[in-house]
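Everything below concerns the one structure shown next.
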Amino acid sequence: MLRRFTFLPMIAVASFGVVAIGQQPATQPIQSGALQDQLQAKFGELHKAAAFPGGTAGFVFADGTSLAIAVGLADRAAGTPMKLTDRLLVGSVGKTYASAVALQMIHEKKFGLDDTLDKFFGTEPWFARIANASAITVRHLMTHTSGLVRYEFNPKFTRDLTANPDKV
């Protein structure tokens with residue numbers, strides 16, 4: 001049984017990030033009755049209190065069962081409800097996951113923090129188009145000091161992503 005003091009932080013974390021296991025969204029999560037109702041109610045309370053437009057959360061338990069919940073709107077202007085299959089930008093969750101995997105690989109001596117990216121991407125045609133690409137290290141990426149631009153603020157990127165979300 002989940003205790004109240006651990007329940008809300010868990011919901012908050014789950015609502016702002018997604019851990020992707022596979023590439024397809026769960027379209028038929030297991031219905032877990034009372035627990036699902038409790039999670040849905042708490043997520044609804046968080047949605048109301050924090051006033052975010054909408055969100056989804058998925059839970060996978062030790063026995064392999066899963067459930068998913070959604071609250072709010074996917075599109076406020078159109079009034080479109082959030083669906084379990086809606087895709088969301090996950091913000092900084094990917095950075096944390098990528099860093100954890102990178103640190104594990106560094107521990108396994110597969111590469112080092114000061115290895116440059118040309119070791120991995122030097123033969124790729126797009127790599128040469130990145131300013132100072134051969135000087136960027138794994139450490140730069142992990143400490144956000146590479147000088148790479150933040151593409152999510154580029155209007156063309158946003159238009160392209162909206163037009164074709166599966167391309168990214």
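To be explicit about the labels: the chains of the structure tokens are called A, B, and onward in the order shown, and within each one the residues are counted from 1, while ligands get numbers from 1 in the order they are shown.
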
Exercise. Extract, using only C-alpha atoms, all DNA, RNA and protein residues at most 9 Å from range 147-149 of chain A, discarding same-chain residues fewer than 2 positions from it, and format them as a PyMOL selection string.
Key: chain A and resi 130-132+136+140-141+144-145+151-153

Exercise. Compile the contact shell of range 79-86 of chain A as a list in words: residues with an atom at most 9 Å away, counting only C-alpha atoms, same-chain residues fewer than 2 positions apart removed.
Key: Gln24, Pro25, Ala26, Thr27, Gly54, Gly55, Thr56, Ala57, Gly58, Ala68, Ile69, Ala70, Val71, Gly72, Leu73, Ala74, Asp75, Arg76, Ala77 and Leu88 of chain A

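You can rank A:Leu46, A:Ala128, A:Ala163, A:Ala102 by their closest distance to Asp115 in chain A using only C-alpha atoms, and at the top of that list sits A:Ala102.
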
Exercise. Quick one: everything within 10 Å of Thr116 in chain A, counting only C-alpha atoms, minus sequence neighbours fewer than 6 positions away in the same chain. Send it as a list in words.
Key: Gly122, Ala133, Ser134, Ala135, Ile136, Thr137, Val138, Arg139 and His140 of chain A

Practice problem: Check the smallest atom-to-atom distance from each of A:Arg150, A:Pro165, A:Met142, A:Val60 to Tyr97 in chain A using only C-alpha atoms, then report the winner. | Solution: A:Met142

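Interatomic distance, CA of Asp37 in chain A against CA of Thr65 in chain A: 15.6 Å.
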
Quiz item: So which bits of range 6-167 of chain A end up strand (DSSP E) when you DSSP the backbone, as a list in words?
Solution: Gly54, Gly55, Thr56, Ala57, Gly58, Phe59, Val60, Ser66, Leu67, Ala68, Ile69, Ala70, Val71, Gly72, Leu73, Ala74, Asp75, Thr80 and Pro81 of chain A

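Interatomic distance, CA of Leu39 in chain A against CA of Arg87 in chain A: 20.0 Å.
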
Quiz item: Mind pulling up the distance from CA of Phe111 in chain A to CA of Ser99 in chain A?
Solution: 13.0 Å

Per DSSP on the backbone, what are the helix (DSSP H, G or I) residues of range 5-162 of chain A, as a short mmCIF file (atom, residue, chain, number, x, y, z; two decimals) with C-alpha atoms, in the first residue's frame?
```cif
data_model
loop_
_atom_site.label_atom_id
_atom_site.label_comp_id
_atom_site.auth_asym_id
_atom_site.auth_seq_id
_atom_site.Cartn_x
_atom_site.Cartn_y
_atom_site.Cartn_z
CA PHE A 5 3.53 11.20 1.81
CA THR A 6 5.16 9.21 -1.00
CA PHE A 7 2.12 9.13 -3.24
CA LEU A 8 1.94 12.76 -4.38
CA PRO A 9 5.65 13.15 -5.23
CA MET A 10 5.42 9.94 -7.26
CA ILE A 11 2.46 11.33 -9.19
CA ALA A 12 4.25 14.63 -9.73
CA VAL A 13 7.32 12.89 -11.13
CA ALA A 14 5.22 10.59 -13.29
CA SER A 15 3.21 13.47 -14.69
CA PHE A 16 6.22 15.40 -15.92
CA ALA A 34 -9.25 0.64 -7.23
CA LEU A 35 -5.57 1.51 -7.70
CA GLN A 36 -6.23 2.96 -11.13
CA ASP A 37 -9.15 4.96 -9.74
CA GLN A 38 -6.93 6.30 -6.92
CA LEU A 39 -4.14 7.26 -9.31
CA GLN A 40 -6.61 8.90 -11.69
CA ALA A 41 -8.15 10.89 -8.82
CA LYS A 42 -4.75 12.04 -7.50
CA PHE A 43 -3.56 12.95 -11.00
CA GLY A 44 -6.78 14.92 -11.45
CA GLU A 45 -6.14 16.76 -8.16
CA LEU A 46 -2.57 17.57 -9.24
CA HIS A 47 -3.86 18.74 -12.62
CA LYS A 48 -6.32 21.07 -10.94
CA ALA A 49 -3.85 22.38 -8.33
CA ALA A 50 -0.95 22.91 -10.74
CA VAL A 93 13.83 13.41 -18.55
CA GLY A 94 15.79 12.27 -21.60
CA LYS A 95 18.87 14.11 -20.37
CA THR A 96 18.79 12.28 -17.05
CA TYR A 97 18.31 8.90 -18.71
CA ALA A 98 21.02 9.53 -21.32
CA SER A 99 23.46 10.68 -18.63
CA ALA A 100 22.79 7.60 -16.51
CA VAL A 101 23.42 5.32 -19.50
CA ALA A 102 26.53 7.30 -20.48
CA LEU A 103 27.96 7.07 -16.96
CA GLN A 104 27.34 3.32 -16.94
CA MET A 105 29.14 2.99 -20.29
CA ILE A 106 32.02 5.15 -19.01
CA HIS A 107 32.24 2.87 -15.96
CA ASP A 118 33.83 12.71 -33.94
CA LYS A 119 34.75 9.30 -32.46
CA PHE A 120 31.07 8.38 -32.78
CA PHE A 121 29.73 10.58 -35.58
CA PHE A 127 28.23 16.02 -38.39
CA ALA A 128 30.51 18.32 -40.40
CA ARG A 129 27.76 20.95 -40.54
CA ALA A 133 31.79 19.60 -33.93
CA SER A 134 35.15 17.87 -33.62
CA ALA A 135 35.90 19.76 -30.37
CA VAL A 138 30.86 13.76 -24.03
CA ARG A 139 31.55 15.91 -20.95
CA HIS A 140 30.38 19.01 -22.86
CA LEU A 141 27.10 17.30 -23.69
CA MET A 142 26.54 16.08 -20.15
CA TYR A 151 16.39 23.39 -31.38
CA GLU A 152 13.06 23.32 -29.53
CA PHE A 153 12.92 27.13 -29.70
CA PRO A 155 10.07 27.90 -35.17
CA LYS A 156 11.00 25.73 -38.19
CA PHE A 157 11.70 22.76 -35.92
CA THR A 158 8.36 23.26 -34.16
CA ARG A 159 6.51 23.47 -37.50
CA ASP A 160 8.27 20.35 -38.84
CA LEU A 161 7.62 18.41 -35.63
CA THR A 162 3.95 19.39 -35.64
#
```
